[in-house]
file target-v5.tsv (TSV, C-alpha atoms)
chain	number	residue	atom	x	y	z
A	439	MET	CA	-29.72	-7.97	-13.38
A	440	ALA	CA	-30.91	-5.66	-16.17
A	441	GLY	CA	-33.47	-4.08	-13.85
A	442	TRP	CA	-30.84	-3.55	-11.17
A	443	TYR	CA	-28.49	-1.97	-13.69
A	444	GLY	CA	-31.32	0.25	-14.95
A	445	THR	CA	-31.94	1.65	-11.47
A	446	ARG	CA	-28.28	2.02	-10.54
A	447	TRP	CA	-26.86	5.51	-10.23
A	448	PRO	CA	-23.79	6.37	-12.30
A	449	SER	CA	-20.39	6.45	-10.64
A	450	ARG	CA	-20.54	9.00	-7.84
A	451	GLU	CA	-16.75	9.30	-7.80
A	452	GLY	CA	-16.85	10.51	-11.40
A	453	LEU	CA	-19.21	13.36	-10.46
A	454	GLU	CA	-17.05	14.70	-7.65
A	455	ARG	CA	-15.30	17.96	-8.31
A	456	GLU	CA	-11.98	16.44	-7.30
A	457	ALA	CA	-12.28	14.05	-10.25
A	458	GLU	CA	-12.35	16.96	-12.69
A	459	SER	CA	-9.16	18.58	-13.91
A	460	ARG	CA	-8.69	22.32	-13.61
A	461	PRO	CA	-8.97	22.94	-17.39
A	462	ARG	CA	-12.20	20.93	-17.43
A	463	ARG	CA	-13.69	23.00	-14.62
A	464	ILE	CA	-12.71	26.22	-16.41
A	465	LEU	CA	-14.31	25.02	-19.65
A	466	THR	CA	-17.46	24.02	-17.77
A	467	VAL	CA	-17.80	27.47	-16.22
A	468	LEU	CA	-17.12	29.20	-19.53
A	469	GLY	CA	-19.67	26.97	-21.27
A	470	ARG	CA	-22.35	27.84	-18.75
A	471	ILE	CA	-21.60	31.56	-19.09
A	472	VAL	CA	-21.87	31.32	-22.87
A	473	LEU	CA	-25.12	29.33	-22.62
A	474	LEU	CA	-26.62	31.85	-20.21
A	475	SER	CA	-25.59	34.70	-22.54
A	476	VAL	CA	-27.27	32.99	-25.51
A	477	VAL	CA	-30.46	32.48	-23.48
A	478	CYS	CA	-30.51	36.10	-22.35
A	479	TRP	CA	-29.91	37.33	-25.87
A	480	GLY	CA	-32.58	35.08	-27.34
A	481	THR	CA	-35.07	36.11	-24.67
A	482	PHE	CA	-34.61	39.87	-24.47
A	483	SER	CA	-33.09	40.89	-27.82
A	484	GLY	CA	-36.40	41.20	-29.63
A	485	GLY	CA	-37.70	43.91	-27.29
A	486	ARG	CA	-40.89	41.96	-26.77
A	487	TYR	CA	-40.88	42.55	-23.01
A	488	THR	CA	-41.48	45.95	-21.47
A	489	GLY	CA	-42.60	47.18	-18.10
A	490	TRP	CA	-44.01	44.53	-15.84
A	491	ALA	CA	-43.62	41.90	-18.55
A	492	LEU	CA	-39.86	42.54	-18.55
A	493	ALA	CA	-39.72	42.21	-14.78
A	494	ALA	CA	-41.68	38.95	-14.98
A	495	ALA	CA	-39.37	37.65	-17.71
A	496	VAL	CA	-36.27	38.44	-15.63
A	497	ALA	CA	-37.83	36.78	-12.59
A	498	GLY	CA	-38.69	33.74	-14.69
A	499	LEU	CA	-35.14	33.53	-16.00
A	500	VAL	CA	-33.73	33.73	-12.47
A	501	ALA	CA	-36.19	31.05	-11.33
A	502	ALA	CA	-35.21	28.80	-14.26
A	503	VAL	CA	-31.51	29.18	-13.38
A	504	ALA	CA	-32.24	28.39	-9.73
A	505	LEU	CA	-34.22	25.28	-10.68
A	506	SER	CA	-31.42	24.14	-12.99
A	507	VAL	CA	-28.80	24.63	-10.25
A	508	GLY	CA	-30.99	22.67	-7.82
A	509	PHE	CA	-31.32	19.82	-10.33
A	510	LEU	CA	-27.54	19.74	-10.88
A	511	ARG	CA	-26.86	19.69	-7.14
A	512	ALA	CA	-29.47	17.03	-6.37
A	513	THR	CA	-28.20	14.72	-9.12
A	514	ARG	CA	-24.57	15.25	-8.07
A	515	GLU	CA	-25.48	14.19	-4.54
A	516	GLN	CA	-27.62	11.35	-5.98
A	517	ARG	CA	-30.70	12.05	-3.88
A	518	PRO	CA	-33.71	10.37	-5.55
A	519	VAL	CA	-36.58	12.53	-4.28
A	520	PRO	CA	-34.99	15.98	-4.77
A	521	SER	CA	-33.69	14.85	-8.16
A	522	SER	CA	-37.16	13.76	-9.27
A	523	VAL	CA	-38.86	16.90	-7.97
A	524	SER	CA	-36.29	19.23	-9.53
A	525	ALA	CA	-36.48	17.34	-12.86
A	526	VAL	CA	-40.25	17.82	-12.97
A	527	ALA	CA	-39.80	21.49	-12.03
A	528	VAL	CA	-37.28	22.10	-14.83
A	529	PHE	CA	-39.53	20.24	-17.29
A	530	GLY	CA	-42.48	22.43	-16.30
A	531	ALA	CA	-40.34	25.57	-16.48
A	532	GLY	CA	-39.66	24.75	-20.13
A	533	TRP	CA	-43.40	24.80	-20.89
A	534	VAL	CA	-43.88	28.02	-18.93
A	535	ALA	CA	-41.06	29.62	-20.92
A	536	HIS	CA	-42.72	28.64	-24.21
A	537	TRP	CA	-46.09	29.93	-23.04
A	538	GLY	CA	-44.36	33.16	-22.02
A	539	GLN	CA	-42.93	33.68	-25.50
A	540	ALA	CA	-39.35	32.67	-24.48
A	541	PRO	CA	-38.73	29.66	-26.77
A	542	THR	CA	-34.93	29.86	-26.51
A	543	LEU	CA	-35.09	29.48	-22.72
A	544	GLY	CA	-37.60	26.63	-22.99
A	545	ASP	CA	-35.54	24.71	-25.57
A	546	VAL	CA	-32.34	25.12	-23.55
A	547	LEU	CA	-34.10	23.90	-20.39
A	548	TRP	CA	-35.45	20.79	-22.15
A	549	CYS	CA	-32.19	19.95	-23.95
A	550	GLY	CA	-30.14	20.53	-20.80
A	551	LEU	CA	-32.57	18.44	-18.77
A	552	ALA	CA	-32.24	15.57	-21.24
A	553	VAL	CA	-28.43	15.67	-21.28
A	554	ILE	CA	-27.99	15.94	-17.51
A	555	SER	CA	-30.54	13.18	-16.92
A	556	LEU	CA	-28.70	10.83	-19.28
A	557	VAL	CA	-25.42	11.64	-17.52
A	558	ARG	CA	-26.43	11.60	-13.85
A	559	LEU	CA	-29.68	9.69	-13.32
A	560	PRO	CA	-30.14	5.92	-13.24
A	561	LEU	CA	-30.65	4.58	-16.74
A	562	VAL	CA	-34.42	3.93	-16.62
A	563	PRO	CA	-35.41	7.31	-15.08
A	564	ALA	CA	-32.86	9.03	-17.32
A	565	VAL	CA	-34.47	7.62	-20.47
A	566	VAL	CA	-37.98	8.56	-19.24
A	567	VAL	CA	-36.97	12.17	-18.47
A	568	ALA	CA	-34.99	12.51	-21.71
A	569	VAL	CA	-37.88	11.19	-23.81
A	570	ALA	CA	-40.33	13.54	-22.09
A	571	ALA	CA	-38.05	16.55	-22.53
A	572	MET	CA	-37.16	15.87	-26.18
A	573	GLY	CA	-40.78	14.94	-26.92
A	574	SER	CA	-41.85	18.36	-25.68
A	575	TYR	CA	-39.12	19.97	-27.76
A	576	THR	CA	-40.32	18.07	-30.84
A	577	ALA	CA	-43.92	19.05	-30.21
A	578	VAL	CA	-43.32	22.81	-30.13
A	579	SER	CA	-40.28	23.21	-32.36
A	580	PRO	CA	-40.94	25.09	-35.63
A	581	ALA	CA	-37.97	23.35	-37.32
A	582	ASP	CA	-38.42	20.62	-39.92
A	583	TRP	CA	-38.12	16.93	-39.13
A	584	VAL	CA	-34.50	16.77	-40.26
A	585	GLY	CA	-33.48	19.52	-37.85
A	586	ILE	CA	-35.53	18.05	-35.02
A	587	GLY	CA	-34.17	14.56	-35.64
A	588	GLY	CA	-30.59	15.83	-35.73
A	589	THR	CA	-31.07	17.69	-32.47
A	590	VAL	CA	-32.64	14.70	-30.71
A	591	VAL	CA	-29.94	12.30	-31.90
A	592	GLY	CA	-27.20	14.79	-31.01
A	593	ILE	CA	-28.59	15.29	-27.51
A	594	ALA	CA	-28.87	11.54	-26.95
A	595	LEU	CA	-25.33	10.92	-28.24
A	596	LEU	CA	-23.92	13.75	-26.14
A	597	GLY	CA	-25.59	12.44	-22.99
A	598	TYR	CA	-24.37	8.91	-23.68
A	599	LEU	CA	-20.76	10.01	-24.26
A	600	LEU	CA	-20.74	12.20	-21.17
A	601	ARG	CA	-22.13	9.30	-19.12
A	602	LEU	CA	-19.29	7.09	-20.36
A	603	ASP	CA	-16.84	9.85	-19.43
A	604	VAL	CA	-18.27	10.03	-15.90
A	605	GLU	CA	-17.98	6.26	-15.51
A	606	ALA	CA	-14.39	6.33	-16.78
A	607	ARG	CA	-13.42	9.12	-14.38
A	608	GLY	CA	-15.12	7.27	-11.53
A	609	THR	CA	-13.24	4.09	-12.34
A	610	ALA	CA	-9.95	5.98	-12.54
A	611	ARG	CA	-10.63	7.64	-9.19
A	612	ARG	CA	-11.51	4.31	-7.52
A	613	LEU	CA	-8.32	2.76	-8.91
A	614	LEU	CA	-6.35	5.71	-7.58
A	615	VAL	CA	-7.87	5.29	-4.13
A	616	GLN	CA	-7.15	1.56	-4.21
A	617	GLU	CA	-3.57	2.21	-5.30
A	618	ARG	CA	-3.06	4.66	-2.46
A	619	ALA	CA	-4.53	2.17	-0.01
A	620	ALA	CA	-2.26	-0.56	-1.39
A	621	ARG	CA	0.77	1.71	-1.03
A	622	ALA	CA	-0.20	2.55	2.53
A	623	ALA	CA	-0.63	-1.15	3.33
A	624	GLU	CA	2.71	-1.90	1.69
A	625	ALA	CA	4.41	0.82	3.72
A	626	GLU	CA	2.81	-0.50	6.91
A	627	SER	CA	3.90	-4.03	6.04
A	628	ALA	CA	7.44	-2.81	5.38
A	629	ALA	CA	7.46	-1.03	8.72
A	630	LEU	CA	6.27	-4.17	10.51
A	631	ALA	CA	8.92	-6.22	8.72
A	632	GLU	CA	11.58	-3.72	9.77
A	633	ARG	CA	10.37	-3.91	13.35
A	634	ALA	CA	10.57	-7.69	13.22
A	635	ARG	CA	14.09	-7.43	11.79
A	636	ILE	CA	15.17	-5.08	14.60
A	637	ALA	CA	13.59	-7.42	17.15
A	638	ARG	CA	15.58	-10.36	15.74
A	639	GLU	CA	18.77	-8.32	15.87
A	640	ILE	CA	18.15	-7.33	19.48
A	641	HIS	CA	17.42	-10.94	20.41
A	642	ASP	CA	20.39	-12.36	18.55
A	643	VAL	CA	22.85	-9.85	20.00
A	644	LEU	CA	21.70	-8.60	23.38
A	645	ALA	CA	19.77	-11.62	24.63
A	646	HIS	CA	22.62	-13.96	23.75
A	647	SER	CA	25.34	-11.76	25.23
A	648	LEU	CA	23.48	-10.77	28.39
A	649	SER	CA	22.31	-14.30	29.17
A	650	ALA	CA	25.91	-15.57	28.90
A	651	GLN	CA	27.13	-12.78	31.19
A	652	LEU	CA	24.43	-13.57	33.74
A	653	VAL	CA	25.47	-17.21	33.83
A	654	HIS	CA	29.09	-16.33	34.58
A	655	LEU	CA	28.22	-13.62	37.09
A	656	GLU	CA	25.75	-15.87	38.90
A	657	ALA	CA	28.39	-18.58	39.06
A	658	ALA	CA	30.88	-16.06	40.47
A	659	ARG	CA	28.35	-14.99	43.13
A	660	LEU	CA	27.75	-18.57	44.22
A	661	MET	CA	31.50	-19.17	44.37
A	662	LEU	CA	31.91	-16.12	46.60
A	663	GLU	CA	29.22	-17.38	48.95
A	664	ARG	CA	30.86	-20.81	49.12
A	665	GLY	CA	34.35	-19.38	49.60
A	666	THR	CA	35.68	-20.91	46.37
A	667	ASP	CA	39.22	-20.26	45.26
A	668	ARG	CA	39.73	-16.69	44.01
A	669	GLU	CA	41.32	-17.90	40.79
A	670	GLN	CA	38.14	-19.70	39.73
A	671	ILE	CA	36.08	-16.64	40.59
A	672	ARG	CA	38.43	-14.46	38.57
A	673	GLU	CA	38.01	-16.80	35.56
A	674	ARG	CA	34.26	-16.38	35.75
A	675	VAL	CA	34.50	-12.59	35.98
A	676	VAL	CA	37.00	-12.49	33.11
A	677	ALA	CA	34.66	-14.67	31.04
A	678	ALA	CA	31.75	-12.30	31.79
A	679	ARG	CA	33.94	-9.35	30.82
A	680	ARG	CA	34.83	-11.04	27.55
A	681	MET	CA	31.15	-11.70	26.89
A	682	ALA	CA	30.39	-8.02	27.51
A	683	GLN	CA	33.12	-6.98	25.07
A	684	ASP	CA	31.88	-9.43	22.46
A	685	GLY	CA	28.34	-8.19	23.00
A	686	LEU	CA	29.46	-4.60	22.49
A	687	VAL	CA	31.18	-5.56	19.24
A	688	GLU	CA	28.12	-7.50	18.07
A	689	THR	CA	25.83	-4.59	18.99
A	690	ARG	CA	27.89	-2.24	16.86
A	691	GLN	CA	27.78	-4.73	14.01
A	692	ALA	CA	24.02	-5.03	14.41
A	693	LEU	CA	23.60	-1.26	14.26
A	694	SER	CA	25.74	-1.19	11.13
A	695	ALA	CA	23.60	-3.94	9.64
A	696	LEU	CA	20.39	-2.04	10.41
A	697	ARG	CA	21.86	0.99	8.64
A	698	GLY	CA	22.83	-1.16	5.67
A	699	GLU	CA	26.56	-0.78	6.39
A	700	LEU	CA	27.43	-4.46	6.17
A	701	THR	CA	30.94	-5.65	5.46
A	702	PRO	CA	31.13	-8.48	2.88
A	703	VAL	CA	30.36	-11.92	4.28
A	704	GLY	CA	33.79	-13.24	3.36
A	705	GLU	CA	35.59	-10.50	5.30
A	706	PHE	CA	33.33	-11.03	8.28
A	707	LEU	CA	34.03	-14.78	8.31
A	708	VAL	CA	37.78	-14.17	8.08
A	709	GLU	CA	37.57	-11.92	11.14
A	710	LEU	CA	35.27	-14.30	13.02
A	711	THR	CA	37.29	-17.47	12.38
A	712	GLY	CA	40.53	-15.66	13.16
A	713	ARG	CA	39.16	-14.53	16.50
A	714	GLU	CA	37.75	-17.95	17.33
A	715	ARG	CA	40.72	-19.89	15.87
A	716	ALA	CA	38.56	-21.81	13.42
A	717	ALA	CA	39.43	-22.99	9.90
A	718	LEU	CA	37.77	-21.20	6.98
A	719	VAL	CA	37.23	-22.52	3.45
A	720	VAL	CA	35.48	-20.58	0.67
A	721	THR	CA	34.45	-22.40	-2.52
A	722	GLY	CA	32.83	-21.08	-5.67
A	723	THR	CA	33.03	-17.57	-7.05
A	724	PRO	CA	32.30	-14.94	-4.39
A	725	ARG	CA	29.62	-12.44	-5.36
A	726	PRO	CA	27.80	-9.54	-3.68
A	727	LEU	CA	24.81	-10.65	-1.60
A	728	ALA	CA	21.62	-8.86	-0.67
A	729	ALA	CA	21.33	-7.49	2.85
A	730	GLU	CA	18.99	-10.14	4.28
A	731	PRO	CA	20.83	-13.27	3.02
A	732	ALA	CA	24.15	-11.71	4.04
A	733	LEU	CA	22.83	-10.94	7.51
A	734	ALA	CA	21.47	-14.48	7.88
A	735	LEU	CA	24.87	-15.94	6.95
A	736	ARG	CA	26.66	-13.67	9.41
A	737	ARG	CA	24.32	-14.38	12.29
A	738	THR	CA	24.29	-18.13	11.68
A	739	ALA	CA	28.08	-18.31	11.52
A	740	GLN	CA	28.36	-16.19	14.65
A	741	GLU	CA	25.84	-18.26	16.59
A	742	ALA	CA	27.25	-21.61	15.46
A	743	VAL	CA	30.88	-20.70	16.23
A	744	THR	CA	29.90	-19.23	19.60
A	745	ASN	CA	28.04	-22.43	20.44
A	746	VAL	CA	31.18	-24.42	19.72
A	747	ARG	CA	33.13	-22.27	22.17
A	748	LYS	CA	30.38	-22.54	24.79
A	749	HIS	CA	29.38	-26.18	24.53
A	750	ALA	CA	32.43	-27.88	23.06
A	751	PRO	CA	35.51	-26.09	24.42
A	752	GLY	CA	38.70	-27.42	22.91
A	753	ALA	CA	37.02	-28.93	19.86
A	754	ARG	CA	38.32	-28.11	16.38
A	755	CYS	CA	35.92	-25.93	14.42
A	756	SER	CA	35.74	-25.42	10.67
A	757	VAL	CA	33.65	-23.02	8.61
A	758	GLU	CA	32.95	-23.48	4.91
A	759	LEU	CA	31.18	-20.95	2.69
A	760	ARG	CA	30.01	-22.28	-0.67
A	761	TYR	CA	28.81	-20.04	-3.51
A	762	LEU	CA	26.53	-22.20	-5.68
A	763	GLU	CA	24.20	-21.34	-8.55
A	764	GLY	CA	21.29	-19.39	-7.11
A	765	VAL	CA	22.10	-20.32	-3.49
A	766	VAL	CA	24.79	-19.88	-0.88
A	767	GLU	CA	25.61	-22.53	1.73
A	768	LEU	CA	27.30	-22.08	5.08
A	769	GLU	CA	28.51	-25.13	6.96
A	770	VAL	CA	29.96	-25.02	10.48
A	771	ARG	CA	31.42	-28.24	11.92
A	772	ASN	CA	33.24	-29.15	15.07
A	773	THR	CA	34.90	-32.33	16.22
A	774	ARG	CA	34.25	-34.24	19.42
A	775	PRO	CA	35.34	-32.10	22.37
A	776	PRO	CA	38.24	-33.44	24.44
A	777	ARG	CA	36.20	-33.47	27.64
A	778	ALA	CA	33.56	-36.15	27.88
A	779	GLN	CA	31.01	-33.95	29.59
A	780	ALA	CA	31.15	-31.36	26.77
A	781	GLY	CA	29.58	-33.76	24.35
A	782	ASP	CA	26.46	-33.98	26.50
A	783	GLU	CA	26.22	-30.18	26.65
A	784	LEU	CA	26.57	-29.99	22.90
A	785	ALA	CA	23.84	-32.51	22.33
A	786	ASP	CA	21.50	-30.53	24.59
A	787	SER	CA	22.15	-27.24	22.83
A	788	GLY	CA	19.88	-28.04	19.85
A	789	SER	CA	16.81	-26.92	21.81
A	790	GLY	CA	18.18	-23.45	22.55
A	791	TYR	CA	16.81	-20.19	21.25
A	792	GLY	CA	19.91	-19.62	19.10
A	793	LEU	CA	19.10	-22.47	16.73
A	794	LEU	CA	15.46	-21.42	16.69
A	795	GLY	CA	16.44	-17.90	15.65
A	796	MET	CA	18.75	-19.20	12.91
A	797	ARG	CA	16.03	-21.48	11.59
A	798	GLU	CA	13.49	-18.61	11.55
A	799	ARG	CA	15.90	-16.44	9.57
A	800	ALA	CA	16.41	-19.19	7.01
A	801	GLU	CA	12.68	-19.88	6.59
A	802	LEU	CA	11.90	-16.17	6.17
A	803	LEU	CA	14.30	-16.12	3.22
A	804	GLY	CA	12.93	-19.33	1.70
A	805	GLY	CA	15.99	-21.30	2.81
A	806	THR	CA	16.66	-24.18	5.16
A	807	LEU	CA	18.78	-24.81	8.22
A	808	ARG	CA	19.88	-28.19	9.49
A	809	ALA	CA	21.60	-28.71	12.82
A	810	GLY	CA	22.47	-31.89	14.66
A	811	PRO	CA	25.19	-34.18	15.97
A	812	GLU	CA	27.60	-35.78	13.52
A	813	ASP	CA	30.59	-38.10	14.23
A	814	GLY	CA	30.61	-37.11	17.88
A	815	GLY	CA	30.60	-33.40	17.05
A	816	TRP	CA	28.04	-30.97	15.74
A	817	ARG	CA	27.12	-29.72	12.27
A	818	VAL	CA	25.13	-26.66	11.19
A	819	LEU	CA	24.19	-26.24	7.52
A	820	LEU	CA	22.46	-23.10	6.27
A	821	ARG	CA	21.22	-22.87	2.67
A	822	VAL	CA	19.65	-19.62	1.44
A	823	PRO	CA	18.72	-18.31	-2.02
A	824	ALA	CA	21.16	-15.59	-3.05

call {"tool": "encode", "arguments": {"input": "target-v5.tsv", "output": "structure tokens"}}
result
Amino acid sequence: MAGWYGTRWPSREGLEREAESRPRRILTVLGRIVLLSVVCWGTFSGGRYTGWALAAAVAGLVAAVALSVGFLRATREQRPVPSSVSAVAVFGAGWVAHWGQAPTLGDVLWCGLAVISLVRLPLVPAVVVAVAAMGSYTAVSPADWVGIGGTVVGIALLGYLLRLDVEARGTARRLLVQERAARAAEAESAALAERARIAREIHDVLAHSLSAQLVHLEAARLMLERGTDREQIRERVVAARRMAQDGLVETRQALSALRGELTPVGEFLVELTGRERAALVVTGTPRPLAAEPALALRRTAQEAVTNVRKHAPGARCSVELRYLEGVVELEVRNTRPPRAQAGDELADSGSGYGLLGMRERAELLGGTLRAGPEDGGWRVLLRVPA
């Protein structure tokens, strides 16, 4: 593990230009300009170069800058071979500068090589290059041991701190990327959930209404073919018309629900039970409900009361809404229908898609739905957290 860590490159994200703030980039550029000015002053201020020697010194300075830029670029891109070659070239350029009577340039090349290596190279190669560079600096420096030791320790500490800064910036950038990816996934999940919600609304409203209309219209068509009494046909057509009107009302309510324009559950139940001539009882202290629980209560009440009208015509229906601590319960009951055959239809209705849709709504909210025969009638009980 230690060997693997020693050959691992520092965080590449921390070396990207996008990870650096604008003030940091400005300071970096200014620092390099100042450093280059110091090197030029230290190299040419003494007037030691004239004629061809001056031209050679300028060419050497340009070559040293080019080698340094190549080393910076290779280490930023984390390419092992170019980084190694450019490090050796910069190291050799430091010796050439000293042999050419340009000690300031040579010292800057060695110190810069040591710092950049500690910041950008894997740990083991970084230490090797830094030791070689600072060893060369120690060997040729005219300063005393205190000055040399302070310089070496300062260079090592600076490289270490800058390496930590690169790792920190890389970690921050990775976290930012992960956060953006999480937000994108959350937005996609929300969009999928909204699509599922719209699909449930379309199924609950249109599928229910259109299927009921088709039943009545198909019955009317068969009656016409058989020459049935016109009054019975008219009843079927009127029933289909009423289903279409109810479907239009429910569609408008669904659109309002999708826009978040829901009327309170209590008001909706008053309107529903008044239209269907069912008894309504509300217990507990009414309170505002979130959109999803409120929509589940509305749809369940609507489906259950409609089923009573369809499968148990003539039966007495009662609706009770109970506000409990942390939950809300909706109970829809109906008595035994007056016609014997209606009881069989009611018993068969538990396998329909309406009950399945109500149960799915309840489970999505962490609630429960129970539906089944009771005392010759039918009972639906919805319990949702709210």

call {"tool": "atom_distance", "arguments": {"input": "target-v5.tsv", "atom1": "CA of Leu556 (chain A)", "atom2": "CA of Thr513 (chain A)"}}
result
10.9 Å

call {"tool": "residues_around", "arguments": {"input": "target-v5.tsv", "residues": "Val653 (chain A)", "least_positions_apart": "2", "cutoff": "12 Å", "atoms": "all atoms listed in the file", "output": "NGL selection string"}}
result
:A and (646-651 or 655-660 or 674-675 or 677-679 or 681 or 748)

call {"tool": "write_last_selection", "arguments": {"input": "target-v5.tsv", "atoms": "C-alpha atoms", "output": "PDB file, keeping the file's coordinate frame"}}
result
ATOM      1  CA  HIS A 646      22.620 -13.960  23.750  1.00  0.00           C
ATOM      2  CA  SER A 647      25.340 -11.760  25.230  1.00  0.00           C
ATOM      3  CA  LEU A 648      23.480 -10.770  28.390  1.00  0.00           C
ATOM      4  CA  SER A 649      22.310 -14.300  29.170  1.00  0.00           C
ATOM      5  CA  ALA A 650      25.910 -15.570  28.900  1.00  0.00           C
ATOM      6  CA  GLN A 651      27.130 -12.780  31.190  1.00  0.00           C
ATOM      7  CA  LEU A 655      28.220 -13.620  37.090  1.00  0.00           C
ATOM      8  CA  GLU A 656      25.750 -15.870  38.900  1.00  0.00           C
ATOM      9  CA  ALA A 657      28.390 -18.580  39.060  1.00  0.00           C
ATOM     10  CA  ALA A 658      30.880 -16.060  40.470  1.00  0.00           C
ATOM     11  CA  ARG A 659      28.350 -14.990  43.130  1.00  0.00           C
ATOM     12  CA  LEU A 660      27.750 -18.570  44.220  1.00  0.00           C
ATOM     13  CA  ARG A 674      34.260 -16.380  35.750  1.00  0.00           C
ATOM     14  CA  VAL A 675      34.500 -12.590  35.980  1.00  0.00           C
ATOM     15  CA  ALA A 677      34.660 -14.670  31.040  1.00  0.00           C
ATOM     16  CA  ALA A 678      31.750 -12.300  31.790  1.00  0.00           C
ATOM     17  CA  ARG A 679      33.940  -9.350  30.820  1.00  0.00           C
ATOM     18  CA  MET A 681      31.150 -11.700  26.890  1.00  0.00           C
ATOM     19  CA  LYS A 748      30.380 -22.540  24.790  1.00  0.00           C
TER      20      LYS A 748
END

call {"tool": "atom_distance", "arguments": {"input": "target-v5.tsv", "atom1": "CA of Trp583 (chain A)", "atom2": "CA of Gly544 (chain A)"}}
result
18.8 Å

call {"tool": "closest_residue", "arguments": {"input": "target-v5.tsv", "among": "A:Phe509, A:Trp490, A:Tyr575, A:Phe706", "to": "Gly532 (chain A)", "atoms": "all atoms listed in the file"}}
result
A:Tyr575

call {"tool": "closest_residue", "arguments": {"input": "target-v5.tsv", "among": "A:Val591, A:Ala717, A:Leu644, A:Ala504", "to": "Ala682 (chain A)", "atoms": "only C-alpha atoms"}}
result
A:Leu644

call {"tool": "closest_residue", "arguments": {"input": "target-v5.tsv", "among": "A:Val766, A:Val676, A:Val565, A:Ala495", "to": "Ala594 (chain A)", "atoms": "only C-alpha atoms"}}
result
A:Val565

call {"tool": "axis_aligned_box", "arguments": {"input": "target-v5.tsv", "around": "region 460-478 of chain A", "padding_each_side": "8 Å", "output": "lines of an AutoDock Vina configuration file"}}
result
center_x = -19.6
center_y = 28.5
center_z = -19.6
size_x = 37.8
size_y = 31.2
size_z = 27.9

call {"tool": "atom_distance", "arguments": {"input": "target-v5.tsv", "atom1": "CA of Asp684 (chain A)", "atom2": "CA of Leu735 (chain A)"}}
result
18.2 Å

call {"tool": "residues_around", "arguments": {"input": "target-v5.tsv", "residues": "Gly498 (chain A)", "least_positions_apart": "3", "cutoff": "12 Å", "atoms": "only C-alpha atoms", "output": "ChimeraX atom specification"}}
result
/A:478,481,491-495,501-505,528,531-540,543-544

call {"tool": "residues_near_point", "arguments": {"input": "target-v5.tsv", "point": "(-24.4, 3.8, -10.2)", "cutoff": "12 Å", "atoms": "all atoms listed in the file", "output": "ChimeraX atom specification"}}
result
/A:442-453,513-516,557-562,601-602,604-605,608-609
